[in-house]
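Coordinates from upload03.pdb are shown below (PDB, C-alpha atoms).
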```
ATOM      1  CA  MET A   1      94.772 122.578  90.082
ATOM      2  CA  THR A   2      95.858 119.044  89.278
ATOM      3  CA  GLN A   3      98.287 118.653  86.419
ATOM      4  CA  SER A   4      97.158 116.442  83.538
ATOM      5  CA  TYR A   5      99.028 113.162  82.987
ATOM      6  CA  GLU A   6      98.903 110.494  80.293
ATOM      7  CA  THR A   7      99.386 107.414  82.456
ATOM      8  CA  ILE A   8      98.420 108.638  85.943
ATOM      9  CA  LEU A   9      95.107 109.733  87.427
ATOM     10  CA  VAL A  10      95.072 111.956  90.519
ATOM     11  CA  GLU A  11      91.858 112.345  92.491
ATOM     12  CA  ARG A  12      91.553 114.475  95.618
ATOM     13  CA  ARG A  13      89.076 113.224  98.200
ATOM     14  CA  ASP A  14      89.138 115.821 100.954
ATOM     15  CA  ARG A  15      92.448 115.196 102.784
ATOM     16  CA  VAL A  16      93.296 112.019 100.851
ATOM     17  CA  ALA A  17      94.693 111.885  97.301
ATOM     18  CA  VAL A  18      94.240 108.736  95.223
ATOM     19  CA  LEU A  19      96.969 108.219  92.627
ATOM     20  CA  THR A  20      95.998 105.586  90.061
ATOM     21  CA  ILE A  21      98.404 103.949  87.610
ATOM     22  CA  ASN A  22      96.216 104.110  84.507
ATOM     23  CA  ARG A  23      97.457 101.571  81.956
ATOM     24  CA  PRO A  24      94.854  98.792  82.347
ATOM     25  CA  GLU A  25      95.506  97.470  78.825
ATOM     26  CA  LYS A  26      99.083  96.722  79.986
ATOM     27  CA  ARG A  27      98.006  95.550  83.448
ATOM     28  CA  ASN A  28      99.355  98.898  84.673
ATOM     29  CA  ALA A  29     102.948  97.928  83.862
ATOM     30  CA  LEU A  30     105.479 100.620  84.683
ATOM     31  CA  ASN A  31     107.158 102.196  81.683
ATOM     32  CA  ILE A  32     109.454 105.197  81.710
ATOM     33  CA  LYS A  33     106.545 107.608  81.180
ATOM     34  CA  THR A  34     104.601 106.176  84.111
ATOM     35  CA  ARG A  35     107.591 106.407  86.421
ATOM     36  CA  GLU A  36     108.238 110.026  85.440
ATOM     37  CA  GLU A  37     104.602 111.043  85.765
ATOM     38  CA  GLY A  38     104.193 109.224  89.081
ATOM     39  CA  ALA A  39     107.170 111.073  90.529
ATOM     40  CA  ALA A  40     105.818 114.384  89.172
ATOM     41  CA  ALA A  41     102.383 113.728  90.683
ATOM     42  CA  LEU A  42     103.931 113.033  94.074
ATOM     43  CA  GLU A  43     105.938 116.246  93.868
ATOM     44  CA  GLU A  44     102.682 118.089  93.199
ATOM     45  CA  LEU A  45     101.004 116.422  96.194
ATOM     46  CA  ARG A  46     104.015 117.042  98.430
ATOM     47  CA  THR A  47     103.385 120.783  98.375
ATOM     48  CA  ASP A  48      99.581 120.553  98.686
ATOM     49  CA  ASP A  49      98.873 121.273 102.355
ATOM     50  CA  GLN A  50      95.272 120.076 101.975
ATOM     51  CA  ILE A  51      96.488 116.536 101.257
ATOM     52  CA  ARG A  52      97.650 114.550 104.265
ATOM     53  CA  VAL A  53      97.635 110.956 102.941
ATOM     54  CA  VAL A  54      98.214 109.442  99.488
ATOM     55  CA  VAL A  55      96.714 106.152  98.291
ATOM     56  CA  ILE A  56      98.315 104.451  95.274
ATOM     57  CA  THR A  57      96.408 101.861  93.235
ATOM     58  CA  GLY A  58      96.033 100.462  89.734
ATOM     59  CA  ALA A  59      93.225 100.994  87.232
ATOM     60  CA  GLY A  60      90.753  98.150  86.755
ATOM     61  CA  ASP A  61      90.310  95.072  88.915
ATOM     62  CA  ARG A  62      92.973  92.747  87.492
ATOM     63  CA  ALA A  63      96.235  94.411  88.396
ATOM     64  CA  PHE A  64      97.753  96.786  90.909
ATOM     65  CA  ILE A  65     100.949  96.876  88.837
ATOM     66  CA  ALA A  66     101.941  93.705  87.002
ATOM     67  CA  GLY A  67     105.590  94.770  86.822
ATOM     68  CA  ALA A  68     107.843  96.743  84.525
ATOM     69  CA  ASP A  69     107.000  97.159  80.856
ATOM     70  CA  ILE A  70     109.275  94.369  79.629
ATOM     71  CA  ALA A  71     109.073  95.588  76.030
ATOM     72  CA  GLU A  72     111.347  98.478  77.053
ATOM     73  CA  PHE A  73     114.086  96.037  78.111
ATOM     74  CA  ALA A  74     114.682  94.657  74.624
ATOM     75  CA  GLY A  75     118.042  95.788  73.252
ATOM     76  CA  ARG A  76     118.759  98.072  76.197
ATOM     77  CA  THR A  77     122.411  98.142  77.269
ATOM     78  CA  ALA A  78     123.673  97.890  80.829
ATOM     79  CA  ILE A  79     124.740 101.549  80.866
ATOM     80  CA  THR A  80     121.405 102.742  79.492
ATOM     81  CA  GLN A  81     119.466 100.694  82.040
ATOM     82  CA  ARG A  82     121.612 101.982  84.876
ATOM     83  CA  ASP A  83     120.987 105.558  83.751
ATOM     84  CA  VAL A  84     117.229 104.851  83.669
ATOM     85  CA  MET A  85     117.255 103.457  87.198
ATOM     86  CA  LEU A  86     119.385 106.314  88.522
ATOM     87  CA  GLY A  87     117.113 108.894  86.906
ATOM     88  CA  ARG A  88     113.898 110.234  88.378
ATOM     89  CA  SER A  89     112.889 107.184  90.405
ATOM     90  CA  LEU A  90     109.258 106.626  91.325
ATOM     91  CA  PHE A  91     110.344 104.164  94.022
ATOM     92  CA  THR A  92     112.597 106.761  95.643
ATOM     93  CA  ALA A  93     109.919 109.447  95.291
ATOM     94  CA  ILE A  94     107.526 107.253  97.279
ATOM     95  CA  ASP A  95     110.161 106.295  99.842
ATOM     96  CA  LEU A  96     111.108 109.939 100.475
ATOM     97  CA  PHE A  97     107.551 111.304 100.365
ATOM     98  CA  PRO A  98     106.955 113.003 103.736
ATOM     99  CA  LYS A  99     103.259 112.117 104.036
ATOM    100  CA  PRO A 100     101.867 108.611 104.654
ATOM    101  CA  VAL A 101     101.488 106.533 101.475
ATOM    102  CA  ILE A 102      99.172 103.516 101.323
ATOM    103  CA  ALA A 103      99.273 100.896  98.567
ATOM    104  CA  MET A 104      95.727  99.711  97.728
ATOM    105  CA  ILE A 105      96.577  96.432  96.006
ATOM    106  CA  ASN A 106      93.745  95.272  93.786
ATOM    107  CA  GLY A 107      95.326  92.487  91.717
ATOM    108  CA  TYR A 108      98.696  91.445  90.305
ATOM    109  CA  CYS A 109     101.515  93.023  92.320
ATOM    110  CA  LEU A 110     104.619  91.675  90.632
ATOM    111  CA  GLY A 111     108.193  92.745  89.931
ATOM    112  CA  GLY A 112     108.337  96.527  89.825
ATOM    113  CA  GLY A 113     104.765  96.616  91.127
ATOM    114  CA  CYS A 114     105.769  94.710  94.232
ATOM    115  CA  GLU A 115     108.777  97.009  94.619
ATOM    116  CA  LEU A 116     106.505 100.036  94.393
ATOM    117  CA  ALA A 117     104.238  98.574  97.085
ATOM    118  CA  LEU A 118     107.283  97.882  99.254
ATOM    119  CA  ALA A 119     108.242 101.564  99.031
ATOM    120  CA  CYS A 120     104.846 102.540 100.482
ATOM    121  CA  ASP A 121     104.209 102.843 104.215
ATOM    122  CA  LEU A 122     101.198 100.517 104.409
ATOM    123  CA  ARG A 123      99.949  97.797 102.072
ATOM    124  CA  ILE A 124      96.279  96.790 102.024
ATOM    125  CA  ALA A 125      95.459  93.939  99.663
ATOM    126  CA  SER A 126      92.409  92.447  98.065
ATOM    127  CA  GLU A 127      92.082  88.726  98.754
ATOM    128  CA  THR A 128      92.409  88.284  94.963
ATOM    129  CA  ALA A 129      95.828  89.992  94.833
ATOM    130  CA  SER A 130      99.038  88.108  94.138
ATOM    131  CA  PHE A 131     102.654  89.013  94.834
ATOM    132  CA  GLY A 132     106.095  88.129  93.575
ATOM    133  CA  GLN A 133     109.527  89.170  92.358
ATOM    134  CA  PRO A 134     109.762  87.015  89.211
ATOM    135  CA  GLU A 135     112.700  88.873  87.636
ATOM    136  CA  ILE A 136     114.906  85.792  88.003
ATOM    137  CA  ASN A 137     112.784  84.138  85.287
ATOM    138  CA  LEU A 138     114.036  86.790  82.829
ATOM    139  CA  GLY A 139     117.656  86.298  83.759
ATOM    140  CA  ILE A 140     117.774  89.473  85.837
ATOM    141  CA  ILE A 141     117.246  90.495  89.469
ATOM    142  CA  PRO A 142     114.992  93.097  91.131
ATOM    143  CA  GLY A 143     116.365  96.579  90.499
ATOM    144  CA  GLY A 144     113.836  98.911  92.116
ATOM    145  CA  GLY A 145     114.617  98.105  95.734
ATOM    146  CA  GLY A 146     113.225  94.572  95.877
ATOM    147  CA  THR A 147     116.350  92.920  97.265
ATOM    148  CA  GLN A 148     116.638  95.610  99.955
ATOM    149  CA  ARG A 149     113.112  96.564 101.051
ATOM    150  CA  LEU A 150     111.676  93.046 100.802
ATOM    151  CA  THR A 151     114.502  91.679 102.977
ATOM    152  CA  ARG A 152     113.951  94.364 105.594
ATOM    153  CA  LEU A 153     110.210  93.706 105.624
ATOM    154  CA  VAL A 154     109.960  89.891 105.619
ATOM    155  CA  GLY A 155     113.471  88.768 106.592
ATOM    156  CA  GLU A 156     116.368  87.311 104.637
ATOM    157  CA  GLY A 157     115.001  83.763 104.403
ATOM    158  CA  LYS A 158     111.640  84.640 102.863
ATOM    159  CA  ALA A 159     113.211  87.274 100.610
ATOM    160  CA  MET A 160     115.686  84.666  99.342
ATOM    161  CA  GLU A 161     112.853  82.222  98.692
ATOM    162  CA  LEU A 162     110.720  84.701  96.729
ATOM    163  CA  ILE A 163     113.549  86.253  94.720
ATOM    164  CA  LEU A 164     115.527  83.084  93.936
ATOM    165  CA  THR A 165     112.490  81.006  92.932
ATOM    166  CA  GLY A 166     110.530  83.790  91.265
ATOM    167  CA  ASP A 167     107.413  82.218  92.804
ATOM    168  CA  ILE A 168     104.136  84.120  92.993
ATOM    169  CA  ILE A 169     102.222  83.991  96.284
ATOM    170  CA  ASP A 170      98.616  84.772  97.137
ATOM    171  CA  ALA A 171      97.423  87.561  99.414
ATOM    172  CA  ARG A 172      96.970  85.356 102.487
ATOM    173  CA  THR A 173     100.529  84.073 102.222
ATOM    174  CA  ALA A 174     101.759  87.643 101.750
ATOM    175  CA  TYR A 175      99.952  88.590 104.959
ATOM    176  CA  GLN A 176     101.383  85.627 106.868
ATOM    177  CA  ILE A 177     104.978  86.593 106.031
ATOM    178  CA  GLY A 178     104.397  90.289 106.772
ATOM    179  CA  LEU A 179     104.476  91.557 103.215
ATOM    180  CA  VAL A 180     101.059  93.220 103.555
ATOM    181  CA  ASN A 181      99.336  94.769 106.560
ATOM    182  CA  MET A 182      95.825  93.594 105.794
ATOM    183  CA  VAL A 183      93.810  91.427 103.404
ATOM    184  CA  VAL A 184      90.146  92.197 102.717
ATOM    185  CA  PRO A 185      87.478  90.966 100.285
ATOM    186  CA  ALA A 186      87.798  92.584  96.861
ATOM    187  CA  ALA A 187      84.443  94.342  97.219
ATOM    188  CA  GLU A 188      85.598  95.981 100.463
ATOM    189  CA  LEU A 189      89.115  96.993  99.424
ATOM    190  CA  GLU A 190      88.465 100.618  98.515
ATOM    191  CA  ALA A 191      86.160 101.306 101.452
ATOM    192  CA  LYS A 192      88.577  99.790 103.974
ATOM    193  CA  THR A 193      91.593 101.556 102.484
ATOM    194  CA  MET A 194      89.843 104.917 102.496
ATOM    195  CA  GLU A 195      88.629 104.364 106.037
ATOM    196  CA  ILE A 196      92.215 103.824 107.215
ATOM    197  CA  ALA A 197      93.525 106.698 105.074
ATOM    198  CA  ASN A 198      90.946 109.104 106.492
ATOM    199  CA  ARG A 199      91.662 107.937 110.035
ATOM    200  CA  ILE A 200      95.353 108.707 109.528
ATOM    201  CA  ALA A 201      94.529 112.026 107.834
ATOM    202  CA  GLU A 202      92.862 113.206 111.040
ATOM    203  CA  LYS A 203      96.190 113.125 112.881
ATOM    204  CA  SER A 204      98.689 115.964 113.106
ATOM    205  CA  PRO A 205     100.488 116.270 109.726
ATOM    206  CA  ILE A 206     103.661 117.264 111.524
ATOM    207  CA  ALA A 207     103.531 114.306 113.912
ATOM    208  CA  LEU A 208     102.853 111.953 110.992
ATOM    209  CA  ARG A 209     105.894 113.245 109.135
ATOM    210  CA  LEU A 210     108.166 112.965 112.169
ATOM    211  CA  ALA A 211     106.845 109.490 113.030
ATOM    212  CA  LYS A 212     107.586 108.318 109.465
ATOM    213  CA  GLU A 213     111.133 109.631 109.699
ATOM    214  CA  ALA A 214     111.724 107.953 113.053
ATOM    215  CA  ILE A 215     110.397 104.586 111.879
ATOM    216  CA  LYS A 216     112.397 104.632 108.648
ATOM    217  CA  THR A 217     115.517 105.457 110.656
ATOM    218  CA  ALA A 218     115.010 102.207 112.599
ATOM    219  CA  SER A 219     115.828  99.985 109.629
ATOM    220  CA  ARG A 220     118.607 102.209 108.312
ATOM    221  CA  SER A 221     120.774 102.867 111.349
ATOM    222  CA  LEU A 222     122.194 101.339 114.504
ATOM    223  CA  LEU A 223     119.935 101.214 117.566
ATOM    224  CA  ASP A 224     121.725 103.961 119.520
ATOM    225  CA  GLU A 225     121.584 106.312 116.531
ATOM    226  CA  GLY A 226     117.889 105.560 116.037
ATOM    227  CA  LEU A 227     117.065 106.153 119.693
ATOM    228  CA  ARG A 228     118.849 109.514 119.660
ATOM    229  CA  ARG A 229     116.989 110.530 116.498
ATOM    230  CA  GLU A 230     113.687 109.493 118.051
ATOM    231  CA  ILE A 231     114.326 111.738 121.062
ATOM    232  CA  ASP A 232     115.163 114.679 118.800
ATOM    233  CA  LEU A 233     111.985 114.203 116.756
ATOM    234  CA  PHE A 234     109.879 113.664 119.875
ATOM    235  CA  ALA A 235     111.185 116.904 121.367
ATOM    236  CA  LEU A 236     110.556 118.723 118.091
ATOM    237  CA  CYS A 237     106.847 117.912 118.414
ATOM    238  CA  PHE A 238     106.785 120.142 121.497
ATOM    239  CA  SER A 239     107.442 123.198 119.312
ATOM    240  CA  THR A 240     104.170 122.766 117.395
ATOM    241  CA  GLU A 241     100.681 124.160 117.832
ATOM    242  CA  ASP A 242      99.374 120.674 117.062
ATOM    243  CA  LYS A 243     101.001 119.353 120.243
ATOM    244  CA  GLU A 244      99.253 122.031 122.301
ATOM    245  CA  GLU A 245      95.938 121.277 120.575
ATOM    246  CA  GLY A 246      96.359 117.539 121.145
ATOM    247  CA  VAL A 247      97.051 117.977 124.851
ATOM    248  CA  ARG A 248      94.165 120.435 125.314
ATOM    249  CA  ALA A 249      91.765 118.155 123.466
ATOM    250  CA  PHE A 250      92.794 115.215 125.658
ATOM    251  CA  LEU A 251      92.302 117.198 128.863
ATOM    252  CA  GLU A 252      88.987 118.627 127.609
ATOM    253  CA  LYS A 253      87.838 115.163 126.486
ATOM    254  CA  ARG A 254      87.176 116.183 122.871
ATOM    255  CA  LYS A 255      88.458 115.305 119.427
ATOM    256  CA  PRO A 256      91.534 117.362 118.403
ATOM    257  CA  ASP A 257      91.503 119.617 115.373
ATOM    258  CA  PHE A 258      95.029 119.538 114.007
ATOM    259  CA  LYS A 259      96.119 122.330 111.651
ATOM    260  CA  GLY A 260      99.600 121.198 110.704
ATOM    261  CA  ARG A 261     101.324 123.996 112.536
TER
END
```
Re-express the file's structure as structure tokens.
Amino acid sequence: MTQSYETILVERRDRVAVLTINRPEKRNALNIKTREEGAAALEELRTDDQIRVVVITGAGDRAFIAGADIAEFAGRTAITQRDVMLGRSLFTAIDLFPKPVIAMINGYCLGGGCELALACDLRIASETASFGQPEINLGIIPGGGGTQRLTRLVGEGKAMELILTGDIIDARTAYQIGLVNMVVPAAELEAKTMEIANRIAEKSPIALRLAKEAIKTASRSLLDEGLRREIDLFALCFSTEDKEEGVRAFLEKRKPDFKGR
């Protein structure tokens, strides 16, 4: 059973769960409630063995997530804000989620919304989407991983440009600099995202989890450490029933049926 949330919708579509930020009247801006409920929803999906891939999107067709709910910033002290950011973090929950997470970006993807997309494993954007880290215009800087994940994804130069200017870029530019994996017409966004999500969901859940860990290690460690970890995770695959099924299916020239064991 899916828990009921005020600001989040969770829909299970066979092996894929769609998590929708449901505050369209606020352009799906992230407030404290949304962050808490998003993290809780991911914890629920983490333990659901039927779900192999999660897609995150925003309600409506105007915004993925237009940023943080700025109204919550008024009068907040430095200590209070630090406590909020160190609390139950939706960005960290996505980053540490063991299953593949795809951002289906259907509109404004700004500030905290861009940071949330950066925490995902893949980003598929509508050609009408726009991206930016405009925090500098408020006299602040990104605080949900923007300075770190954006730099690792697009390089120091482009990250400096986006963060220091606060400029907003279109989907094609985001694709050109490597911020998103794919740009599709708005009418095709959901179908294309679900097609990719379902294709990934057919793979071995164990191999997907280990592959995610190995790839994330690459940007967070020295090369020799990463290579050693890759070997360990590669060898670990050989202890699974899914590995045996994958090899048999290849030799028998059929599609594998992975069970996650």
At a cut-off of 8 Å, can you tabulate as a Markdown table every residue of region 51-148 of chain A near region 163-186 of chain A together with its closest atom pair and the distance in Å to one decimal, using all atoms listed in the file and ordering rows by chain then number?
```
| residue | atom | partner | partner_atom | distance |
| --- | --- | --- | --- | --- |
| A:Asn106 | CA | A:Ala186 | CA | 7.2 |
| A:Leu110 | CA | A:Ile168 | CA | 7.9 |
| A:Leu118 | CA | A:Leu179 | CA | 8.0 |
| A:Leu122 | CA | A:Asn181 | CA | 6.4 |
| A:Arg123 | CA | A:Val180 | CA | 4.9 |
| A:Ile124 | CA | A:Met182 | CA | 5.0 |
| A:Ala125 | CA | A:Val183 | CA | 4.8 |
| A:Ser126 | CA | A:Ala186 | CA | 4.8 |
| A:Glu127 | CA | A:Pro185 | CA | 5.3 |
| A:Thr128 | CA | A:Ala186 | CA | 6.6 |
| A:Ala129 | CA | A:Ala171 | CA | 5.4 |
| A:Ser130 | CA | A:Asp170 | CA | 4.5 |
| A:Phe131 | CA | A:Ile169 | CA | 5.2 |
| A:Gly132 | CA | A:Ile168 | CA | 4.5 |
| A:Gln133 | CA | A:Ile163 | CA | 5.5 |
| A:Pro134 | CA | A:Gly166 | CA | 3.9 |
| A:Glu135 | CA | A:Gly166 | CA | 6.6 |
| A:Ile136 | CA | A:Gly166 | CA | 5.8 |
| A:Asn137 | CA | A:Gly166 | CA | 6.4 |
| A:Ile141 | CA | A:Ile163 | CA | 7.7 |
| A:Pro142 | CA | A:Ile163 | CA | 7.9 |
| A:Thr147 | CA | A:Ile163 | CA | 7.7 |
```
Q: For Ala201 (chain A), work out the shell of residues within 9 Å, counting all atoms listed in the file and skipping chain neighbours fewer than 6 positions away, then give it as a list in words.
A: Arg15, Val16, Ile51, Arg52, Val53, Pro100 and Leu208 of chain A
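In this structure, CA of Gly144 (chain A) sits 26.3 Å away from CA of Leu223 (chain A).
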Q: Tell me, in Å to one decimal, how far CA of Arg62 (chain A) is from CA of Ala103 (chain A).
A: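 Separation of CA of Arg62 (chain A) and CA of Ala103 (chain A): 15.1 Å.
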The PyMOL selection byres ((chain A and resi 209-221) around 8) on the file shown: which residues, as a compact mmCIF listing (two decimals) with C-alpha atoms, in the frame of the given file?
```
# COMPACT_ATOMS: atom_id res chain seq x y z
CA PRO A 98 106.96 113.00 103.74
CA LYS A 99 103.26 112.12 104.04
CA PRO A 100 101.87 108.61 104.65
CA ARG A 152 113.95 94.36 105.59
CA PRO A 205 100.49 116.27 109.73
CA ILE A 206 103.66 117.26 111.52
CA ALA A 207 103.53 114.31 113.91
CA LEU A 208 102.85 111.95 110.99
CA LEU A 222 122.19 101.34 114.50
CA LEU A 223 119.94 101.21 117.57
CA GLU A 225 121.58 106.31 116.53
CA GLY A 226 117.89 105.56 116.04
CA ARG A 229 116.99 110.53 116.50
CA GLU A 230 113.69 109.49 118.05
CA LEU A 233 111.98 114.20 116.76
CA PHE A 234 109.88 113.66 119.88
```
Q: Step by step, work through what the PyMOL selection byres ((chain A and resi 40) around 12) selects in the shown file, and finish by giving those residues as an MDAnalysis selection string.
A: chainID A and resid 2:10 19 33:39 41:47 88:90 93:94 97
(Q) List the spatial neighbours of Lys255 (chain A) as an NGL selection string - criterion: any atom at most 12 Å away, all atoms listed in the file, same-chain residues fewer than 5 positions off excluded. (A) :A and (202-203 or 245-250)
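Between CA of Val55 (chain A) and CA of Met104 (chain A) the separation is 6.5 Å.
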Q: With a distance cut-off of 6 Å and all atoms listed in the file, select the neighbouring residues of Ala66 (chain A), excluding the residue or stretch itself and same-chain residues fewer than 5 positions from it, and output the selection as a list in words.
A: Arg27, Ala29, Tyr108, Cys109, Leu110 and Gly113 of chain A
Hey, can I get the axis-aligned box for region 180-196 of chain A? All listed atoms, 6 Å padding on each side, centre and edge lengths in Å to one decimal, as JSON.
```
{"center_x": 92.8, "center_y": 97.9, "center_z": 102.0, "size_x": 28.6, "size_y": 26.0, "size_z": 22.4}
```
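Shortest separation to Gly111 (chain A) among A:Leu227, A:Met194, A:Leu30, A:Ile56 occurs at residue A:Leu30, atoms counted being only C-alpha atoms.
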(Q) Which residue is closest to Cys237 (chain A)? Choose from A:Ala78, A:Arg261, A:Lys192, A:Asn28 and count only C-alpha atoms. (A)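 For Cys237 (chain A), the nearest of the candidates is A:Arg261.
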Is it possible to dump region 52-61 of chain A as a PDB file, in the first residue's frame, including just all heavy atoms?
```pdb
ATOM      1  N   ARG A  52      11.701  -1.238  -9.637  1.00  0.00           N
ATOM      2  CA  ARG A  52      13.104  -1.301 -10.022  1.00  0.00           C
ATOM      3  C   ARG A  52      13.659   0.046 -10.497  1.00  0.00           C
ATOM      4  O   ARG A  52      14.876   0.235 -10.527  1.00  0.00           O
ATOM      5  CB  ARG A  52      13.293  -2.347 -11.125  1.00  0.00           C
ATOM      6  CG  ARG A  52      12.933  -3.766 -10.658  1.00  0.00           C
ATOM      7  CD  ARG A  52      13.288  -4.796 -11.692  1.00  0.00           C
ATOM      8  NE  ARG A  52      12.953  -6.149 -11.244  1.00  0.00           N
ATOM      9  CZ  ARG A  52      13.200  -7.257 -11.940  1.00  0.00           C
ATOM     10  NH1 ARG A  52      13.785  -7.158 -13.134  1.00  0.00           N
ATOM     11  NH2 ARG A  52      12.867  -8.430 -11.467  1.00  0.00           N
ATOM     12  N   VAL A  53      12.778   0.956 -10.896  1.00  0.00           N
ATOM     13  CA  VAL A  53      13.197   2.284 -11.368  1.00  0.00           C
ATOM     14  C   VAL A  53      12.206   3.313 -10.845  1.00  0.00           C
ATOM     15  O   VAL A  53      11.008   3.036 -10.756  1.00  0.00           O
ATOM     16  CB  VAL A  53      13.239   2.350 -12.915  1.00  0.00           C
ATOM     17  CG1 VAL A  53      13.625   3.745 -13.390  1.00  0.00           C
ATOM     18  CG2 VAL A  53      14.206   1.319 -13.481  1.00  0.00           C
ATOM     19  N   VAL A  54      12.710   4.500 -10.493  1.00  0.00           N
ATOM     20  CA  VAL A  54      11.848   5.601 -10.056  1.00  0.00           C
ATOM     21  C   VAL A  54      12.008   6.771 -11.018  1.00  0.00           C
ATOM     22  O   VAL A  54      13.132   7.131 -11.391  1.00  0.00           O
ATOM     23  CB  VAL A  54      12.195   6.045  -8.619  1.00  0.00           C
ATOM     24  CG1 VAL A  54      11.420   7.308  -8.240  1.00  0.00           C
ATOM     25  CG2 VAL A  54      11.890   4.924  -7.626  1.00  0.00           C
ATOM     26  N   VAL A  55      10.879   7.341 -11.427  1.00  0.00           N
ATOM     27  CA  VAL A  55      10.851   8.550 -12.252  1.00  0.00           C
ATOM     28  C   VAL A  55      10.317   9.684 -11.386  1.00  0.00           C
ATOM     29  O   VAL A  55       9.287   9.539 -10.727  1.00  0.00           O
ATOM     30  CB  VAL A  55       9.949   8.366 -13.491  1.00  0.00           C
ATOM     31  CG1 VAL A  55       9.760   9.700 -14.225  1.00  0.00           C
ATOM     32  CG2 VAL A  55      10.540   7.314 -14.425  1.00  0.00           C
ATOM     33  N   ILE A  56      11.019  10.813 -11.371  1.00  0.00           N
ATOM     34  CA  ILE A  56      10.573  11.984 -10.615  1.00  0.00           C
ATOM     35  C   ILE A  56      10.192  13.089 -11.597  1.00  0.00           C
ATOM     36  O   ILE A  56      10.942  13.389 -12.533  1.00  0.00           O
ATOM     37  CB  ILE A  56      11.666  12.495  -9.659  1.00  0.00           C
ATOM     38  CG1 ILE A  56      12.032  11.402  -8.643  1.00  0.00           C
ATOM     39  CG2 ILE A  56      11.208  13.755  -8.928  1.00  0.00           C
ATOM     40  CD1 ILE A  56      13.104  11.814  -7.650  1.00  0.00           C
ATOM     41  N   THR A  57       9.021  13.700 -11.388  1.00  0.00           N
ATOM     42  CA  THR A  57       8.568  14.783 -12.242  1.00  0.00           C
ATOM     43  C   THR A  57       7.765  15.786 -11.429  1.00  0.00           C
ATOM     44  O   THR A  57       7.603  15.621 -10.217  1.00  0.00           O
ATOM     45  CB  THR A  57       7.747  14.234 -13.429  1.00  0.00           C
ATOM     46  OG1 THR A  57       7.559  15.260 -14.400  1.00  0.00           O
ATOM     47  CG2 THR A  57       6.407  13.680 -12.969  1.00  0.00           C
ATOM     48  N   GLY A  58       7.277  16.818 -12.107  1.00  0.00           N
ATOM     49  CA  GLY A  58       6.458  17.830 -11.454  1.00  0.00           C
ATOM     50  C   GLY A  58       5.062  17.847 -12.030  1.00  0.00           C
ATOM     51  O   GLY A  58       4.855  17.534 -13.205  1.00  0.00           O
ATOM     52  N   ALA A  59       4.083  18.211 -11.215  1.00  0.00           N
ATOM     53  CA  ALA A  59       2.689  18.251 -11.664  1.00  0.00           C
ATOM     54  C   ALA A  59       2.493  19.401 -12.655  1.00  0.00           C
ATOM     55  O   ALA A  59       3.122  20.453 -12.548  1.00  0.00           O
ATOM     56  CB  ALA A  59       1.756  18.427 -10.462  1.00  0.00           C
ATOM     57  N   GLY A  60       1.599  19.191 -13.617  1.00  0.00           N
ATOM     58  CA  GLY A  60       1.316  20.219 -14.609  1.00  0.00           C
ATOM     59  C   GLY A  60       2.341  20.216 -15.727  1.00  0.00           C
ATOM     60  O   GLY A  60       3.209  19.341 -15.804  1.00  0.00           O
ATOM     61  N   ASP A  61       2.240  21.225 -16.602  1.00  0.00           N
ATOM     62  CA  ASP A  61       3.147  21.284 -17.746  1.00  0.00           C
ATOM     63  C   ASP A  61       4.024  22.538 -17.763  1.00  0.00           C
ATOM     64  O   ASP A  61       4.695  22.828 -18.746  1.00  0.00           O
ATOM     65  CB  ASP A  61       2.356  21.196 -19.051  1.00  0.00           C
ATOM     66  CG  ASP A  61       1.305  22.295 -19.179  1.00  0.00           C
ATOM     67  OD1 ASP A  61       1.258  23.180 -18.302  1.00  0.00           O
ATOM     68  OD2 ASP A  61       0.534  22.254 -20.148  1.00  0.00           O
TER      69      ASP A  61
END
```
